[in-house]
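Undergrad: Please find structure.txt (compact mmCIF, C-alpha atoms) on the next line:
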```
# COMPACT_ATOMS: atom_id res chain seq x y z
CA MET L 1 84.64 116.46 210.79
CA LYS L 2 85.55 118.18 214.04
CA ARG L 3 88.10 116.52 216.24
CA LEU L 4 88.07 116.27 220.02
CA LEU L 5 90.35 118.99 221.42
CA LEU L 6 91.82 118.41 224.86
CA ASN L 7 94.79 120.78 225.27
CA ILE L 8 97.03 123.50 223.86
CA VAL L 9 100.72 122.83 223.25
CA LEU L 10 103.16 125.76 223.06
CA HIS L 11 106.29 125.56 220.92
CA HIS L 12 109.11 127.84 219.87
CA SER L 13 110.70 127.66 216.43
CA ALA L 14 114.27 127.66 217.84
CA CYS L 15 115.14 129.89 214.88
CA GLU L 16 114.34 133.41 213.75
CA ASN L 17 112.75 132.33 210.45
CA THR L 18 109.52 133.63 208.96
CA PHE L 19 106.21 131.82 209.01
CA GLU L 20 106.51 131.26 205.27
CA SER L 21 109.95 129.63 205.56
CA ILE L 22 108.78 127.37 208.41
CA ARG L 23 105.75 126.31 206.34
CA ALA L 24 107.98 125.64 203.30
CA GLY L 25 110.36 123.56 205.43
CA HIS L 26 107.52 121.42 206.73
CA ILE L 27 106.14 120.90 203.24
CA ARG L 28 109.64 119.89 202.03
CA ARG L 29 109.53 117.18 204.73
CA GLY L 30 106.50 115.75 202.99
CA TRP L 31 103.80 117.20 205.24
CA SER L 32 100.71 118.71 203.63
CA ASP L 33 101.14 122.00 205.54
CA VAL L 34 102.93 123.57 208.48
CA PHE L 35 102.62 121.38 211.60
CA TYR L 36 101.27 124.16 213.83
CA HIS L 37 97.70 125.43 213.88
CA TYR L 38 98.90 128.95 214.74
CA VAL L 39 102.28 130.67 214.49
CA ILE L 40 103.12 134.01 216.12
CA ASP L 41 105.92 135.84 214.32
CA ARG L 42 108.51 138.26 215.75
CA ASN L 43 106.18 141.22 215.10
CA GLY L 44 103.29 139.59 216.93
CA ARG L 45 101.34 138.70 213.80
CA ILE L 46 99.25 135.57 214.26
CA HIS L 47 99.40 133.26 211.25
CA GLU L 48 96.88 130.49 210.71
CA GLY L 49 98.64 127.28 209.85
CA ARG L 50 97.16 123.81 209.59
CA ASN L 51 93.37 123.68 209.74
CA ILE L 52 92.25 123.43 213.37
CA ASN L 53 90.31 120.26 212.53
CA ARG L 54 93.43 118.51 211.22
CA ALA L 55 95.98 116.81 213.40
CA SER L 56 99.24 115.03 212.88
CA GLY L 57 101.63 112.97 214.92
CA ARG L 58 101.02 111.77 218.45
CA ARG L 59 99.10 114.77 219.77
CA LEU L 60 95.84 114.25 217.89
CA ASN L 61 93.80 116.24 220.40
CA SER L 62 95.99 119.35 220.71
CA ILE L 63 95.93 122.88 219.39
CA GLU L 64 99.57 123.50 218.42
CA ILE L 65 100.87 127.09 218.75
CA CYS L 66 104.41 128.11 217.80
CA ILE L 67 106.16 131.34 218.76
CA ILE L 68 108.87 132.21 216.28
CA GLY L 69 112.19 132.75 217.97
CA ARG L 70 115.06 131.21 219.85
CA LEU L 71 113.27 131.23 223.17
CA HIS L 72 116.01 129.04 224.63
CA ILE L 73 118.31 132.09 224.16
CA ARG L 74 115.99 135.09 224.39
CA ASN L 75 112.68 135.90 226.05
CA ILE L 76 109.40 136.18 224.22
CA PHE L 77 108.98 139.69 222.76
CA PRO L 78 106.27 141.77 224.48
CA VAL L 79 104.32 141.99 221.21
CA GLN L 80 104.43 138.19 220.89
CA HIS L 81 103.25 137.83 224.49
CA GLU L 82 100.28 140.14 223.81
CA SER L 83 99.43 138.26 220.60
CA LEU L 84 99.57 134.93 222.42
CA LEU L 85 97.16 136.27 225.06
CA THR L 86 94.87 137.55 222.30
CA LEU L 87 94.95 134.20 220.52
CA LEU L 88 94.27 132.32 223.76
CA GLY L 89 91.35 134.68 224.44
CA ILE L 90 89.91 133.96 220.99
CA ILE L 91 90.34 130.21 221.49
CA LYS L 92 88.77 130.45 224.95
CA LYS L 93 85.74 132.38 223.67
CA ASN L 94 85.14 130.50 220.41
CA ILE L 95 86.40 126.96 221.02
CA GLY L 96 86.75 126.41 224.76
CA ILE L 97 89.03 126.43 227.78
CA PHE L 98 91.91 123.96 227.62
CA PRO L 99 94.93 123.07 229.75
CA ILE L 100 98.20 124.42 228.35
CA PHE L 101 101.45 122.49 228.12
CA GLY L 102 104.90 123.14 226.77
CA HIS L 103 106.14 120.77 224.07
CA ASN L 104 108.68 119.50 226.61
CA PHE L 105 105.82 118.04 228.69
CA PHE L 106 105.29 115.42 225.97
CA ASP L 107 108.77 114.93 224.48
CA ARG L 108 112.42 115.16 225.48
CA THR L 109 113.11 118.60 224.05
CA ILE L 110 114.04 122.11 225.18
CA CYS L 111 110.94 123.41 223.38
CA PRO L 112 109.41 125.91 224.19
CA GLY L 113 112.73 127.19 225.50
CA ASN L 114 112.62 129.55 228.47
CA LEU L 115 108.97 130.41 227.89
CA ASP L 116 107.20 130.52 231.25
CA ILE L 117 103.81 128.98 230.51
CA LYS L 118 102.32 129.63 233.97
CA PRO L 119 100.88 133.08 233.05
CA TYR L 120 99.16 131.53 230.03
CA ILE L 121 97.75 128.68 232.10
CA GLU L 122 96.38 131.23 234.60
CA PHE L 123 95.01 133.40 231.78
CA MET L 124 93.18 130.43 230.25
CA GLN L 125 91.59 129.61 233.62
CA ARG L 126 90.17 133.14 234.10
CA LYS L 127 86.70 133.43 232.56
CA GLU L 128 86.75 137.23 232.29
CA ASP L 129 89.63 137.28 229.80
CA ALA L 130 87.79 135.64 226.91
CA VAL L 131 88.06 137.86 223.85
CA THR L 132 84.62 138.63 222.52
CA ILE L 133 84.92 138.16 218.80
CA SER L 134 81.94 136.80 216.94
CA ASN L 135 82.70 134.08 214.41
CA GLU L 136 81.24 136.00 211.46
CA ASN L 137 82.66 139.47 212.05
CA TRP L 138 85.98 138.87 213.81
CA LYS L 139 88.07 140.36 210.99
CA ASP L 140 85.93 143.51 210.91
CA GLU L 141 86.19 143.82 214.70
CA ILE L 142 89.99 143.56 214.47
CA MET L 143 89.97 146.25 211.77
CA GLU L 144 87.86 148.53 213.97
CA LYS L 145 90.20 147.94 216.93
CA GLY L 146 93.14 148.82 214.65
CA GLU L 147 91.41 152.08 213.72
CA GLU L 148 90.65 152.86 217.40
CA ASN L 149 94.36 152.42 218.13
CA ASN L 150 95.34 154.64 215.17
CA LEU L 151 97.05 151.75 213.41
CA ILE L 152 94.95 151.95 210.23
CA THR L 153 92.14 153.86 208.60
CA VAL L 154 89.28 151.43 208.03
CA GLY L 155 87.81 153.54 205.23
CA THR L 156 90.91 152.91 203.13
CA HIS L 157 91.58 149.32 204.22
CA LYS L 158 89.32 146.25 204.10
CA ALA L 159 89.73 143.10 206.17
CA THR L 160 90.17 141.10 202.97
CA ASP L 161 92.93 143.34 201.52
CA LYS L 162 96.35 141.76 201.08
CA ALA L 163 98.94 143.80 202.98
CA GLU L 164 102.23 144.81 201.43
CA LYS L 165 105.28 143.95 203.55
CA TRP L 166 106.11 147.64 204.06
CA PHE L 167 102.62 148.20 205.47
CA VAL L 168 102.87 145.28 207.88
CA LEU L 169 106.30 146.50 208.99
CA ALA L 170 104.97 150.03 209.45
CA ILE L 171 102.22 148.72 211.75
CA ALA L 172 104.70 146.50 213.61
CA ASN L 173 107.09 149.45 214.05
CA ARG L 174 104.25 151.58 215.44
CA ILE L 175 103.42 148.85 217.95
CA ILE L 176 107.05 148.41 218.97
CA GLU L 177 107.44 152.19 219.34
CA ARG L 178 104.35 152.33 221.56
CA ILE L 179 105.60 149.46 223.72
CA ARG L 180 108.98 151.16 224.13
CA ASN L 181 107.30 154.44 225.04
CA LEU L 182 105.17 152.61 227.63
CA GLU L 183 108.28 150.96 229.04
CA ARG L 184 109.95 154.40 229.28
CA GLY L 185 106.85 155.80 230.98
CA LYS L 186 105.87 158.13 228.12
```
Could you express the structure from this file as structure tokens?
TA:
Amino acid sequence: MKRLLLNIVLHHSACENTFESIRAGHIRRGWSDVFYHYVIDRNGRIHEGRNINRASGRRLNSIEICIIGRLHIRNIFPVQHESLLTLLGIIKKNIGIFPIFGHNFFDRTICPGNLDIKPYIEFMQRKEDAVTISNENWKDEIMEKGEENNLITVGTHKATDKAEKWFVLAIANRIIERIRNLERGK
């Protein structure tokens, strides 16, 4: 059964843990899965958490997105920012356009830290930024985009392949290197 979605709530983890350790911590609390629907790790990888049609707590009509990091101490990494925009574009195209709030809008908390949500609110309101990813072939389209950007060779990698940690880190390091080169003007 689909639930009525009304908004997106942005969080930060307030720690530098991994997605897997956050999920394990939530399960240890007695929850069936990680609280968040999506989690963006330090390398910009978007993890799917709780099923989008499942809700918990007081915000039964929200899409919950967590950015891993101590965003009360540091800024969002550029790769996380880009991944969040990508995720919002996918949500916009495939689910709909929603208002965006920080966790601190609903509760007395510092979450989502120093994250400025205004650019994401503006992004969500612009129709031209919807990411065109069809529901059936979105993984293949991501693979093709990775090949276009010289991140992978599609002929040797399938969308359903499990990635070794070294491979994920190699891709993340390539992305970080490219971002640094762009920042240096190379």
Undergrad: Within 12 Å of range 22-25 of chain L, which residues of range 59-135 of chain L come that close, and what is the closest atom pair and distance in Å for each? Count only C-alpha atoms and give it as a tab-separated table.
TA:
```
residue	atom	partner	partner_atom	distance
L:Cys66	CA	L:Ile22	CA	10.4
L:Ile67	CA	L:Ile22	CA	11.4
L:Ile68	CA	L:Ile22	CA	9.2
L:Gly69	CA	L:Ile22	CA	11.5
```
Undergrad: Could those selected residues go to a file with C-alpha atoms, as a CSV table (one decimal), in the frame of the given file?
TA:
```csv
chain,number,residue,atom,x,y,z
L,66,CYS,CA,104.4,128.1,217.8
L,67,ILE,CA,106.2,131.3,218.8
L,68,ILE,CA,108.9,132.2,216.3
L,69,GLY,CA,112.2,132.8,218.0
```
Undergrad: Nearest to Val79 in chain L among L:Glu16, L:Glu48, L:Asp41, L:Glu144, with distances taken over only C-alpha atoms: which residue is it?
TA: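 Closest residue, counting only C-alpha atoms: L:Asp41.
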Undergrad: Which distance in Å separates CA of Thr18 in chain L and CA of Ile46 in chain L, to one decimal?
TA: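 Atom-to-atom, CA of Thr18 in chain L and CA of Ile46 in chain L are spaced 11.7 Å apart.
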Undergrad: Any idea what's packed within 12 Å of Trp31 in chain L, counting all atoms listed in the file, ignoring anything in its chain fewer than 3 positions away? Could you give it as number ranges by chain?
TA: L: 22-28, 34-36, 50, 55-57
Undergrad: How many Å separate CA of Asp116 in chain L from CA of Arg54 in chain L?
TA: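 Answer for the CA of Asp116 in chain L to CA of Arg54 in chain L separation: 27.1 Å.
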Undergrad: List the neighbours of Ile176 in chain L out to 12 Å using all atoms listed in the file; skip same-chain residues closer than 4 positions along the sequence, and give me the result as a ChimeraX atom specification.
TA: /L:42-44,77-80,82,151,169-172,180-183
Undergrad: Please determine, counting all atoms listed in the file, which residue among L:Arg29, L:Met143, L:Arg184, L:Ser62 has the shortest atom-to-atom distance to Phe106 in chain L.
TA: L:Ser62
Undergrad: What does the distance between CA of Glu148 in chain L and CA of Val39 in chain L come to in Å, to one decimal place?
TA: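 That distance, rounded to one decimal, is 25.2 Å.
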Undergrad: Nearest to Phe101 in chain L among L:Ile65, L:Leu84, L:Ala14, L:Ile73, with distances taken over all atoms listed in the file: which residue is it?
TA: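 Closest to Phe101 in chain L of all the choices is L:Ile65.
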Undergrad: Between L:Asn51, L:Ser13, L:Asn104, L:Asn61, which is the closest to Asp33 in chain L once you count all atoms listed in the file?
TA: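 Checking each candidate against Asp33 in chain L, we get L:Asn51 as the closest.
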Undergrad: Using all atoms listed in the file, can you tell me which of L:Tyr120, L:Phe19, L:Phe98, L:Phe105 comes closest to Asn7 in chain L?
TA: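 Between L:Tyr120, L:Phe19, L:Phe98, L:Phe105, the residue approaching Asn7 in chain L most closely is L:Phe98.
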Undergrad: Name all residues at most 10 Å from Gly96 in chain L (count all atoms listed in the file; drop same-chain ones fewer than 2 positions away) and give them as a compact mmCIF listing (two decimals) with C-alpha atoms, keeping the file's coordinate frame.
TA:
```
# COMPACT_ATOMS: atom_id res chain seq x y z
CA LEU L 5 90.35 118.99 221.42
CA LEU L 6 91.82 118.41 224.86
CA ASN L 7 94.79 120.78 225.27
CA LEU L 88 94.27 132.32 223.76
CA GLY L 89 91.35 134.68 224.44
CA ILE L 90 89.91 133.96 220.99
CA ILE L 91 90.34 130.21 221.49
CA LYS L 92 88.77 130.45 224.95
CA LYS L 93 85.74 132.38 223.67
CA ASN L 94 85.14 130.50 220.41
CA PHE L 98 91.91 123.96 227.62
CA MET L 124 93.18 130.43 230.25
CA ALA L 130 87.79 135.64 226.91
```
Undergrad: Let me have the centre and edge lengths in Å, one decimal, of the box along x, y and z around every listed atom of range 32-48 of chain L with 4 Å of margin on each side, as lines of an AutoDock Vina configuration file.
TA:
```
center_x = 102.7
center_y = 130.0
center_z = 210.3
size_x = 19.6
size_y = 30.5
size_z = 21.3
```
Undergrad: Once you count all atoms listed in the file, which residues end up no further than 7 Å from (94.7, 127.1, 229.3) in the file's frame, shown as a ChimeraX atom specification?
TA: /L:8,97-100,120-125
Undergrad: Which of these, L:Ile40, L:Leu4, L:Ile63, L:Leu10, has the shortest distance to Ile117 in chain L once you count all atoms listed in the file?
TA: L:Leu10
